[in-house]
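One structure is given below, encoded as structure tokens.
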There are 2 protein chains.
Amino acid sequence: MDLHPDLAILERTELFRDTPAPALRAAAGAASRRRVAAGETVFRQGDASAMLYVVVVGRLCASQTTPDGQQVIIRYLGPGEVAGYAALAGAACYPGSVTAVDDTHLFCWSRVAITQIMREHSAVAINAVALIGARYHELQLRLRELATERVEQRLAHTILRLVAQAGRRTANGIEIAFPLSRQDLSEMAGTTLHTVSRTLSAWEEQGVVRSGRRRVIVAAPDTLAAIAGAPG
Amino acid sequence: MDLHPDLAILERTELFRDTPAPALRAAAGAASRRRVAAGETVFRQGDASAMLYVVVVGRLCASQTTPDGQQVIIRYLGPGEVAGYAALAGAACYPGSVTAVDDTHLFCWSRVAITQIMREHSAVAINAVALIGARYHELQLRLRELATERVEQRLAHTILRLVAQAGRRTANGIEIAFPLSRQDLSEMAGTTLHTVSRTLSAWEEQGVVRSGRRRVIVAAPDTLAAIAGAPG
DNA sequence: CGGACTTTTGAAGTAATTCAAGGGGAGTGG
DNA sequence: CCACTCCCCTTGAATTACTTCAAAAGTCCG
């Protein structure tokens, strides 16, 4: 049906889905491409927010660094998701850094181009509202978890979210489909790598998870959900 | 200049500022009004997100409640700010509750009406993106604080934010211009009212703040900023 | 097989919560 | 106007969940 394969990709992204054909064509026409190898940086916290990115294949990690060098992982981004929303929202600088955790293929637009597309195609702007709204909601949830829950519960929630987002069925359970260290988990759950290691060890003993060097496999998602839900 | 006083109000709100006249007129035409007395609820967590609100005068508090009844305060909302962004973003239910902390006067639109306005006036949709983007950024910052800082620093940051948002100059310093209990502060900073009370007592001794029953006055904003910034 | 990175685990330390009790202000009703 | 009541705030003491410090053991890669 589609003459241009880019259109088929775009219409599956969170920013351009259910958008009329002219909007898709405008987006495809203005898009550039970029490849980023695993470990490389897409942009850095504080850089001028010149570009908006959409993941085509691969996976990115959005993080924030404190003045004294501590990191917090905001989110992982998979295919179809937007990175650099600051360029959408009109912020001057990126509030965090984005790096690739796998080799990644991106579409990108200049801030001017994407603003123009939103102005001319309100469906895209409305998708942008929905998308940032969903992220906002997610962050509210995490804020609540961080403010009210114990480390074990937070870690369970964190892993369950990763499973929902990037889980892959295997013989032993559901594997999180990208490399993920104890340190990474601690930076998502707001704790230390030591506590994560201890907790995973305990869970491993109970048969809830299997894990190794930068790998996590959830053997019993229900038990994990129970841990996440229970006050104790 | 303006024949209709509503237009003058709308063009100062974060959602409609810098928007062309037809968009303002459409918004004014579709708006309803609502008054809420201090302590009353605008909407509840889980309600269908039928309406979008903009504060005209007064102040609201957006909070979230955990299944076991603990509350977290997400944000206070002053004149010009939007409540119920779920209706903008297309979420089915409100993710949190909103109540009035002062007698408050609101404009409101049905979800259908505001969606229609965004569709026909992309400037409004673009403002919505900017507005939710700014909130998202703010939440990222709080997440980072909660994950990396000590209670005293978090509380200092919390109070400084409130001062920036609703500070009123007085003889003794800058007063937060709405009733704010220790419990409220604890629900914002992710701690207990006991710890907040102890911390404020200590600060009072150092002359950094003056405080009383649901009142907080910051006498030395610079010292507070130093506490917020310093690791110790 | 060397070397860097990741993970594990023990022990000590501590920030903050929880438990507990009392005090004070503001508003209300007699 | 005074007393009663309801909140809200304060402060001590005990407890604990988690961090910090420290060292060692795996694991992957060239």
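Naming works like this for the structure tokens: A, B, ... for the chains as they're shown, residue 1 at the start of each chain, ligands 1 onward in shown order.
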
Report task. Would you mind listing what lies within 12 Å of DG25 of chain C as a PyMOL selection string, with only C-alpha atoms (C1' of nucleotides) counted and same-chain residues fewer than 6 positions away left out? Result -> (chain B and resi 212-214) or (chain D and resi 5-9)

Query raised in the report: So which residues touch segment 17-19 of chain C within 10 Å, counting only C-alpha atoms (C1' of nucleotides), skipping near sequence neighbours fewer than 2 positions away, as a list in words?
Result: Thr191, Thr192, His194 and Thr195 of chain B; DA15 and DA21 of chain C; DA13, DA14, DT15, DT16 and DA17 of chain D

Export, as a short mmCIF file (atom, residue, chain, number, x, y, z; two decimals), in the first residue's frame, the selected residues with N, CA and C atoms (P, O5', C5', C4', C3', O3' and C1' of nucleotides).
data_model
loop_
_atom_site.label_atom_id
_atom_site.label_comp_id
_atom_site.auth_asym_id
_atom_site.auth_seq_id
_atom_site.Cartn_x
_atom_site.Cartn_y
_atom_site.Cartn_z
N THR B 191 8.37 12.43 53.31
CA THR B 191 8.87 12.10 54.65
C THR B 191 7.67 12.09 55.61
N THR B 192 7.93 12.17 56.90
CA THR B 192 6.83 12.16 57.87
C THR B 192 6.66 13.55 58.48
N HIS B 194 6.59 14.25 61.47
CA HIS B 194 7.49 14.38 62.62
C HIS B 194 8.83 14.95 62.19
N THR B 195 9.37 14.37 61.12
CA THR B 195 10.66 14.84 60.65
C THR B 195 10.57 16.29 60.17
P DA C 15 23.50 10.52 60.09
"O5'" DA C 15 22.38 10.85 59.03
"C5'" DA C 15 22.32 10.11 57.81
"C4'" DA C 15 20.89 9.71 57.53
"C3'" DA C 15 19.87 10.81 57.82
"O3'" DA C 15 18.99 10.86 56.72
"C1'" DA C 15 19.31 8.84 59.05
P DA C 21 2.17 6.23 76.03
"O5'" DA C 21 2.22 7.77 76.38
"C5'" DA C 21 3.46 8.34 76.81
"C4'" DA C 21 3.39 9.83 76.64
"C3'" DA C 21 2.10 10.45 77.16
"O3'" DA C 21 2.44 11.36 78.18
"C1'" DA C 21 2.71 11.33 75.05
P DA D 13 14.80 11.02 76.35
"O5'" DA D 13 14.25 9.67 75.70
"C5'" DA D 13 12.96 9.19 76.05
"C4'" DA D 13 12.73 7.85 75.38
"C3'" DA D 13 13.99 7.01 75.20
"O3'" DA D 13 13.67 5.67 75.53
"C1'" DA D 13 12.98 7.35 73.10
P DA D 14 14.73 4.50 75.39
"O5'" DA D 14 14.15 3.69 74.14
"C5'" DA D 14 12.78 3.26 74.16
"C4'" DA D 14 12.46 2.57 72.86
"C3'" DA D 14 13.45 1.47 72.47
"O3'" DA D 14 12.70 0.33 72.08
"C1'" DA D 14 13.26 3.05 70.71
P DT D 15 13.43 -0.97 71.56
"O5'" DT D 15 13.32 -0.77 69.99
"C5'" DT D 15 12.04 -0.45 69.43
"C4'" DT D 15 12.18 -0.30 67.93
"C3'" DT D 15 12.99 -1.40 67.24
"O3'" DT D 15 12.13 -1.98 66.27
"C1'" DT D 15 13.66 0.75 66.49
P DT D 16 12.57 -3.23 65.44
"O5'" DT D 16 12.97 -2.59 64.04
"C5'" DT D 16 12.11 -1.67 63.40
"C4'" DT D 16 12.78 -1.19 62.12
"C3'" DT D 16 13.66 -2.24 61.45
"O3'" DT D 16 13.52 -2.14 60.07
"C1'" DT D 16 14.91 -0.32 61.82
P DA D 17 12.79 -3.20 59.19
"O5'" DA D 17 12.78 -2.47 57.78
"C5'" DA D 17 12.35 -1.12 57.70
"C4'" DA D 17 13.30 -0.31 56.85
"C3'" DA D 17 13.86 -1.05 55.64
"O3'" DA D 17 13.75 -0.18 54.53
"C1'" DA D 17 15.65 -0.23 56.97
#

Report task. May I have the residues of chain D within 12 Å of chain A, counting only C-alpha atoms (C1' of nucleotides), written as a VMD selection string? Result -> chain D and resid 17 to 21 26 to 28

Keeping only N, CA and C atoms (P, O5', C5', C4', C3', O3' and C1' of nucleotides), write those residues as a PDB file, in the first residue's frame.
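That gives us again.pdb:
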ATOM      1  P    DA D  17      12.787  -3.202  59.193  1.00  0.00           P
ATOM      2  O5'  DA D  17      12.782  -2.471  57.784  1.00  0.00           O
ATOM      3  C5'  DA D  17      12.348  -1.118  57.704  1.00  0.00           C
ATOM      4  C4'  DA D  17      13.304  -0.309  56.848  1.00  0.00           C
ATOM      5  C3'  DA D  17      13.860  -1.050  55.645  1.00  0.00           C
ATOM      6  O3'  DA D  17      13.747  -0.183  54.533  1.00  0.00           O
ATOM      7  C1'  DA D  17      15.654  -0.229  56.969  1.00  0.00           C
ATOM      8  P    DC D  18      14.115  -0.664  53.080  1.00  0.00           P
ATOM      9  O5'  DC D  18      15.549  -0.004  52.915  1.00  0.00           O
ATOM     10  C5'  DC D  18      15.683   1.399  53.162  1.00  0.00           C
ATOM     11  C4'  DC D  18      17.131   1.753  53.340  1.00  0.00           C
ATOM     12  C3'  DC D  18      18.065   1.266  52.240  1.00  0.00           C
ATOM     13  O3'  DC D  18      18.429   2.378  51.452  1.00  0.00           O
ATOM     14  C1'  DC D  18      19.031   1.082  54.428  1.00  0.00           C
ATOM     15  P    DT D  19      19.509   2.285  50.296  1.00  0.00           P
ATOM     16  O5'  DT D  19      20.793   2.848  51.060  1.00  0.00           O
ATOM     17  C5'  DT D  19      20.681   4.099  51.726  1.00  0.00           C
ATOM     18  C4'  DT D  19      21.956   4.410  52.475  1.00  0.00           C
ATOM     19  C3'  DT D  19      23.207   4.456  51.612  1.00  0.00           C
ATOM     20  O3'  DT D  19      23.886   5.670  51.904  1.00  0.00           O
ATOM     21  C1'  DT D  19      23.526   2.974  53.452  1.00  0.00           C
ATOM     22  P    DT D  20      25.116   6.098  51.014  1.00  0.00           P
ATOM     23  O5'  DT D  20      26.379   5.611  51.852  1.00  0.00           O
ATOM     24  C5'  DT D  20      26.462   5.964  53.230  1.00  0.00           C
ATOM     25  C4'  DT D  20      27.626   5.232  53.863  1.00  0.00           C
ATOM     26  C3'  DT D  20      28.896   5.158  53.004  1.00  0.00           C
ATOM     27  O3'  DT D  20      29.972   5.642  53.798  1.00  0.00           O
ATOM     28  C1'  DT D  20      28.350   3.016  53.838  1.00  0.00           C
ATOM     29  P    DC D  21      31.411   5.793  53.195  1.00  0.00           P
ATOM     30  O5'  DC D  21      32.152   4.465  53.714  1.00  0.00           O
ATOM     31  C5'  DC D  21      32.145   4.175  55.111  1.00  0.00           C
ATOM     32  C4'  DC D  21      32.831   2.845  55.351  1.00  0.00           C
ATOM     33  C3'  DC D  21      34.103   2.613  54.529  1.00  0.00           C
ATOM     34  O3'  DC D  21      35.120   2.141  55.401  1.00  0.00           O
ATOM     35  C1'  DC D  21      32.646   0.773  54.311  1.00  0.00           C
ATOM     36  P    DG D  26      33.954 -17.858  43.516  1.00  0.00           P
ATOM     37  O5'  DG D  26      33.577 -17.616  42.009  1.00  0.00           O
ATOM     38  C5'  DG D  26      33.751 -16.338  41.458  1.00  0.00           C
ATOM     39  C4'  DG D  26      32.448 -15.886  40.822  1.00  0.00           C
ATOM     40  C3'  DG D  26      32.301 -16.348  39.386  1.00  0.00           C
ATOM     41  O3'  DG D  26      30.957 -16.227  38.973  1.00  0.00           O
ATOM     42  C1'  DG D  26      32.987 -14.072  39.465  1.00  0.00           C
ATOM     43  P    DT D  27      30.475 -16.964  37.630  1.00  0.00           P
ATOM     44  O5'  DT D  27      30.817 -15.879  36.522  1.00  0.00           O
ATOM     45  C5'  DT D  27      30.111 -14.646  36.502  1.00  0.00           C
ATOM     46  C4'  DT D  27      30.597 -13.781  35.345  1.00  0.00           C
ATOM     47  C3'  DT D  27      30.874 -14.545  34.055  1.00  0.00           C
ATOM     48  O3'  DT D  27      30.304 -13.796  33.003  1.00  0.00           O
ATOM     49  C1'  DT D  27      32.702 -13.191  34.605  1.00  0.00           C
ATOM     50  P    DC D  28      29.818 -14.535  31.686  1.00  0.00           P
ATOM     51  O5'  DC D  28      30.456 -13.561  30.591  1.00  0.00           O
ATOM     52  C5'  DC D  28      30.165 -12.166  30.663  1.00  0.00           C
ATOM     53  C4'  DC D  28      31.356 -11.385  30.154  1.00  0.00           C
ATOM     54  C3'  DC D  28      31.811 -11.769  28.749  1.00  0.00           C
ATOM     55  O3'  DC D  28      31.700 -10.626  27.927  1.00  0.00           O
ATOM     56  C1'  DC D  28      33.657 -11.516  30.211  1.00  0.00           C
TER      57       DC D  28
END

Can you list, as an mmCIF file with C-alpha atoms, in the first residue's frame, every residue of segment 143-184 of chain A that DSSP puts in strand (DSSP E or B)?
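Final file, selection25.cif:
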data_model
loop_
_atom_site.group_PDB
_atom_site.id
_atom_site.type_symbol
_atom_site.label_atom_id
_atom_site.label_comp_id
_atom_site.auth_asym_id
_atom_site.auth_seq_id
_atom_site.Cartn_x
_atom_site.Cartn_y
_atom_site.Cartn_z
ATOM 1 C CA GLY A 167 10.018 -8.483 28.326
ATOM 2 C CA ARG A 168 10.874 -11.462 26.140
ATOM 3 C CA ARG A 169 9.573 -14.956 26.863
ATOM 4 C CA THR A 170 12.257 -17.580 27.448
ATOM 5 C CA GLY A 173 10.691 -16.983 32.461
ATOM 6 C CA ILE A 174 10.474 -13.490 31.046
ATOM 7 C CA GLU A 175 13.791 -11.883 30.295
ATOM 8 C CA ILE A 176 14.405 -8.167 30.187
#

Requested in this report: Would you kindly return, as a ChimeraX atom specification, each protein, DNA or RNA residue with an atom no farther than 10 Å from any atom of Val101 of chain B, considering only C-alpha atoms (C1' of nucleotides) and excluding same-chain residues fewer than 4 positions away?
Outcome: /B:36-41,58-61,76-77,178-180

Query raised in the report: By how many Å are atom CA of Ala28 of chain A and atom CA of Leu10 of chain A apart?
Result: 7.5 Å

Set the distance at 9 Å and use only C-alpha atoms (C1' of nucleotides): which residues neighbour segment 80-95 of chain B once local chain neighbours fewer than 5 positions away are removed? I'd like the list as a PDB file with C-alpha atoms, in the first residue's frame.
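Below is the file that was written, result-v9.pdb:
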ATOM      1  CA  ILE A 126      -2.555  16.336  19.968  1.00  0.00           C
ATOM      2  CA  ASN A 127      -0.550  13.109  19.861  1.00  0.00           C
ATOM      3  CA  ALA A 128       2.317  14.986  21.469  1.00  0.00           C
ATOM      4  CA  VAL A 129       0.023  16.097  24.282  1.00  0.00           C
ATOM      5  CA  ALA A 130      -1.148  12.512  24.799  1.00  0.00           C
ATOM      6  CA  LEU A 131       2.378  11.192  24.774  1.00  0.00           C
ATOM      7  CA  ILE A 132       3.847  13.641  27.235  1.00  0.00           C
ATOM      8  CA  GLY A 133       0.719  13.256  29.339  1.00  0.00           C
ATOM      9  CA  ALA A 134       1.279   9.516  29.529  1.00  0.00           C
ATOM     10  CA  HIS A 137       1.388  10.099  34.586  1.00  0.00           C
ATOM     11  CA  GLN A 140       3.655  10.665  39.059  1.00  0.00           C
ATOM     12  CA  LEU A 141       3.376   6.983  39.806  1.00  0.00           C
TER      13      LEU A 141
ATOM     14  CA  ILE B   9      -8.328  36.474  31.611  1.00  0.00           C
ATOM     15  CA  LEU B  10      -7.813  33.656  29.151  1.00  0.00           C
ATOM     16  CA  ARG B  12      -2.985  35.264  30.593  1.00  0.00           C
ATOM     17  CA  THR B  13      -3.389  31.547  31.235  1.00  0.00           C
ATOM     18  CA  GLU B  14      -0.669  29.040  30.425  1.00  0.00           C
ATOM     19  CA  LEU B  15      -2.970  27.186  28.035  1.00  0.00           C
ATOM     20  CA  PHE B  43     -12.525  15.955  41.192  1.00  0.00           C
ATOM     21  CA  ARG B  44     -11.406  12.658  42.622  1.00  0.00           C
ATOM     22  CA  GLN B  45      -8.727  10.175  41.604  1.00  0.00           C
ATOM     23  CA  GLY B  46     -10.287   7.579  39.321  1.00  0.00           C
ATOM     24  CA  ASP B  47     -13.211   9.741  38.166  1.00  0.00           C
ATOM     25  CA  ALA B  48     -13.769   9.801  34.418  1.00  0.00           C
ATOM     26  CA  SER B  49     -11.710  12.729  33.123  1.00  0.00           C
ATOM     27  CA  ALA B  50     -14.653  14.640  31.720  1.00  0.00           C
ATOM     28  CA  MET B  51     -13.499  18.205  32.359  1.00  0.00           C
ATOM     29  CA  LEU B  52     -10.483  20.409  32.022  1.00  0.00           C
ATOM     30  CA  TYR B  53     -10.077  23.246  34.516  1.00  0.00           C
ATOM     31  CA  VAL B  54      -8.159  26.507  34.563  1.00  0.00           C
ATOM     32  CA  VAL B  55      -7.725  28.415  37.812  1.00  0.00           C
ATOM     33  CA  VAL B  56      -8.938  32.015  37.611  1.00  0.00           C
ATOM     34  CA  VAL B  57      -8.484  32.987  41.252  1.00  0.00           C
ATOM     35  CA  LEU B  60      -5.814  24.090  44.250  1.00  0.00           C
ATOM     36  CA  ALA B  62      -3.281  18.035  43.250  1.00  0.00           C
ATOM     37  CA  SER B  63      -2.603  14.848  45.165  1.00  0.00           C
ATOM     38  CA  GLN B  64      -2.437  11.111  44.703  1.00  0.00           C
ATOM     39  CA  SER B 110     -15.666  19.401  28.582  1.00  0.00           C
ATOM     40  CA  ARG B 111     -13.092  17.014  27.201  1.00  0.00           C
ATOM     41  CA  VAL B 112     -14.880  17.070  23.850  1.00  0.00           C
ATOM     42  CA  ILE B 114     -11.243  21.291  24.576  1.00  0.00           C
ATOM     43  CA  THR B 115     -10.207  18.572  22.142  1.00  0.00           C
ATOM     44  CA  MET B 118      -7.027  21.989  20.107  1.00  0.00           C
ATOM     45  CA  ALA B 125      -2.385  22.222  21.362  1.00  0.00           C
ATOM     46  CA  ALA B 128      -0.630  22.233  25.938  1.00  0.00           C
ATOM     47  CA  LEU B 131       2.682  23.149  29.623  1.00  0.00           C
ATOM     48  CA  ILE B 132       2.702  19.409  30.217  1.00  0.00           C
TER      49      ILE B 132
END

Query raised in the report: In segment 57-96 of chain B, what's helix (DSSP H, G or I) per DSSP? Answer as a VMD selection string?
Result: chain B and resid 86 to 89

Resulting file, chosen residues, N, CA and C atoms, as a PDB file, in the first residue's frame:
ATOM      1  N   ALA B  86      -5.538  15.325  32.385  1.00  0.00           N
ATOM      2  CA  ALA B  86      -5.921  14.032  31.802  1.00  0.00           C
ATOM      3  C   ALA B  86      -6.959  14.218  30.704  1.00  0.00           C
ATOM      4  N   ALA B  87      -7.817  15.227  30.869  1.00  0.00           N
ATOM      5  CA  ALA B  87      -8.818  15.505  29.845  1.00  0.00           C
ATOM      6  C   ALA B  87      -8.166  16.023  28.563  1.00  0.00           C
ATOM      7  N   LEU B  88      -7.024  16.689  28.708  1.00  0.00           N
ATOM      8  CA  LEU B  88      -6.263  17.154  27.542  1.00  0.00           C
ATOM      9  C   LEU B  88      -5.573  15.987  26.855  1.00  0.00           C
ATOM     10  N   ALA B  89      -4.967  15.134  27.696  1.00  0.00           N
ATOM     11  CA  ALA B  89      -4.061  14.123  27.173  1.00  0.00           C
ATOM     12  C   ALA B  89      -4.792  12.875  26.706  1.00  0.00           C
TER      13      ALA B  89
END

Query raised in the report: Near DA3 of chain D, within 12 Å and counting only C-alpha atoms (C1' of nucleotides), which residues show up once chain neighbours fewer than 3 positions away are dropped, as JSON, numbers by chain?
Result: {"C": [28, 29, 30]}

If you keep C-alpha atoms (C1' of nucleotides), can you produce a file of those selected residues as a CSV table (one decimal), in the first residue's frame?
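New file selection-v6.csv:
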chain,number,residue,atom,x,y,z
C,28,DT,C1',-17.5,26.8,68.6
C,29,DG,C1',-21.2,26.7,71.4
C,30,DG,C1',-23.2,27.6,75.8

Requested in this report: Using only C-alpha atoms, find the one residue out of A:Ser97, A:Ser32, A:Thr148, A:Thr104 that sits nearest to chain B.
Outcome: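 Comparing A:Ser97, A:Ser32, A:Thr148, A:Thr104 against chain B, the winner is A:Thr148.
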
**Report entry** Shell around Gly29 of chain A at 10 Å using only C-alpha atoms (C1' of nucleotides), local window under 4 positions removed, as a ChimeraX atom specification
**Finding:** /A:6-7,23-25,109

Report task. Write out as a count of residues only which residues come within 12 Å of Met188 of chain B when counting only C-alpha atoms (C1' of nucleotides), dropping same-chain ones fewer than 2 positions away. Result -> 42

Query raised in the report: From the list C:DG10, C:DG2, C:DG22, C:DG27, which residue is nearest DA24 of chain D when using only C-alpha atoms (C1' of nucleotides)?
Result: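 Smallest separation from DA24 of chain D among the options: C:DG10.
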
Find the residues of chain C in contact range of chain A, meaning any atom within 12 Å when counting only C-alpha atoms (C1' of nucleotides), and list them as a PDB file with N, CA and C atoms (P, O5', C5', C4', C3', O3' and C1' of nucleotides), in the first residue's frame.
ATOM      1  P    DC C   5      36.979  -0.502  33.593  1.00  0.00           P
ATOM      2  O5'  DC C   5      35.614  -1.280  33.860  1.00  0.00           O
ATOM      3  C5'  DC C   5      35.058  -2.070  32.815  1.00  0.00           C
ATOM      4  C4'  DC C   5      34.119  -3.092  33.411  1.00  0.00           C
ATOM      5  C3'  DC C   5      33.073  -2.520  34.373  1.00  0.00           C
ATOM      6  O3'  DC C   5      31.811  -2.887  33.864  1.00  0.00           O
ATOM      7  C1'  DC C   5      34.053  -4.476  35.261  1.00  0.00           C
ATOM      8  P    DT C   6      30.459  -2.307  34.511  1.00  0.00           P
ATOM      9  O5'  DT C   6      29.915  -3.548  35.341  1.00  0.00           O
ATOM     10  C5'  DT C   6      29.708  -4.792  34.695  1.00  0.00           C
ATOM     11  C4'  DT C   6      29.422  -5.847  35.731  1.00  0.00           C
ATOM     12  C3'  DT C   6      28.352  -5.478  36.766  1.00  0.00           C
ATOM     13  O3'  DT C   6      27.275  -6.385  36.608  1.00  0.00           O
ATOM     14  C1'  DT C   6      30.242  -6.502  37.792  1.00  0.00           C
ATOM     15  P    DT C   7      26.001  -6.342  37.534  1.00  0.00           P
ATOM     16  O5'  DT C   7      26.428  -7.319  38.731  1.00  0.00           O
ATOM     17  C5'  DT C   7      26.686  -8.685  38.462  1.00  0.00           C
ATOM     18  C4'  DT C   7      27.150  -9.354  39.730  1.00  0.00           C
ATOM     19  C3'  DT C   7      26.175  -9.220  40.912  1.00  0.00           C
ATOM     20  O3'  DT C   7      25.723 -10.526  41.242  1.00  0.00           O
ATOM     21  C1'  DT C   7      28.437  -8.845  41.582  1.00  0.00           C
ATOM     22  P    DT C   8      24.663 -10.755  42.377  1.00  0.00           P
ATOM     23  O5'  DT C   8      25.605 -11.064  43.612  1.00  0.00           O
ATOM     24  C5'  DT C   8      26.513 -12.149  43.547  1.00  0.00           C
ATOM     25  C4'  DT C   8      27.287 -12.232  44.848  1.00  0.00           C
ATOM     26  C3'  DT C   8      26.411 -12.156  46.097  1.00  0.00           C
ATOM     27  O3'  DT C   8      26.570 -13.372  46.810  1.00  0.00           O
ATOM     28  C1'  DT C   8      28.315 -10.728  46.278  1.00  0.00           C
ATOM     29  P    DT C   9      25.513 -13.896  47.842  1.00  0.00           P
ATOM     30  O5'  DT C   9      26.236 -13.596  49.224  1.00  0.00           O
ATOM     31  C5'  DT C   9      27.655 -13.637  49.272  1.00  0.00           C
ATOM     32  C4'  DT C   9      28.167 -12.848  50.446  1.00  0.00           C
ATOM     33  C3'  DT C   9      27.157 -12.628  51.577  1.00  0.00           C
ATOM     34  O3'  DT C   9      27.666 -13.284  52.716  1.00  0.00           O
ATOM     35  C1'  DT C   9      28.391 -10.652  51.120  1.00  0.00           C
ATOM     36  P    DG C  10      27.025 -13.276  54.128  1.00  0.00           P
ATOM     37  O5'  DG C  10      27.979 -12.277  54.915  1.00  0.00           O
ATOM     38  C5'  DG C  10      29.284 -12.706  55.265  1.00  0.00           C
ATOM     39  C4'  DG C  10      30.004 -11.595  55.992  1.00  0.00           C
ATOM     40  C3'  DG C  10      29.335 -11.159  57.295  1.00  0.00           C
ATOM     41  O3'  DG C  10      30.337 -11.102  58.307  1.00  0.00           O
ATOM     42  C1'  DG C  10      29.718  -9.282  55.905  1.00  0.00           C
ATOM     43  P    DT C  17      11.399   9.935  57.436  1.00  0.00           P
ATOM     44  O5'  DT C  17      10.800   8.665  58.183  1.00  0.00           O
ATOM     45  C5'  DT C  17      11.016   7.373  57.591  1.00  0.00           C
ATOM     46  C4'  DT C  17      10.611   6.288  58.558  1.00  0.00           C
ATOM     47  C3'  DT C  17       9.169   6.385  59.034  1.00  0.00           C
ATOM     48  O3'  DT C  17       8.571   5.107  58.902  1.00  0.00           O
ATOM     49  C1'  DT C  17      10.642   6.257  60.896  1.00  0.00           C
TER      50       DT C  17
END

Query raised in the report: So what do you get for atom CA of Ala166 of chain B versus atom CA of Arg215 of chain B, distance-wise?
Result: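 We find that atom CA of Ala166 of chain B and atom CA of Arg215 of chain B lie 12.5 Å from each other.
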
Query raised in the report: For chain A, which residue out of B:Ala189, B:Ala228, B:Leu106, B:Ala202 is the nearest one, using only C-alpha atoms?
Result: B:Ala189

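As for atom CA of Gln165 of chain A and atom CA of Ala225 of chain A, they are spaced 15.2 Å apart.
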
Query raised in the report: Quick one: of B:Pro22, B:Gly229, B:Arg33, B:Ala219, who's nearest to Glu149 of chain B, counting only C-alpha atoms?
Result: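 Nearest candidate to Glu149 of chain B out of B:Pro22, B:Gly229, B:Arg33, B:Ala219: B:Gly229.
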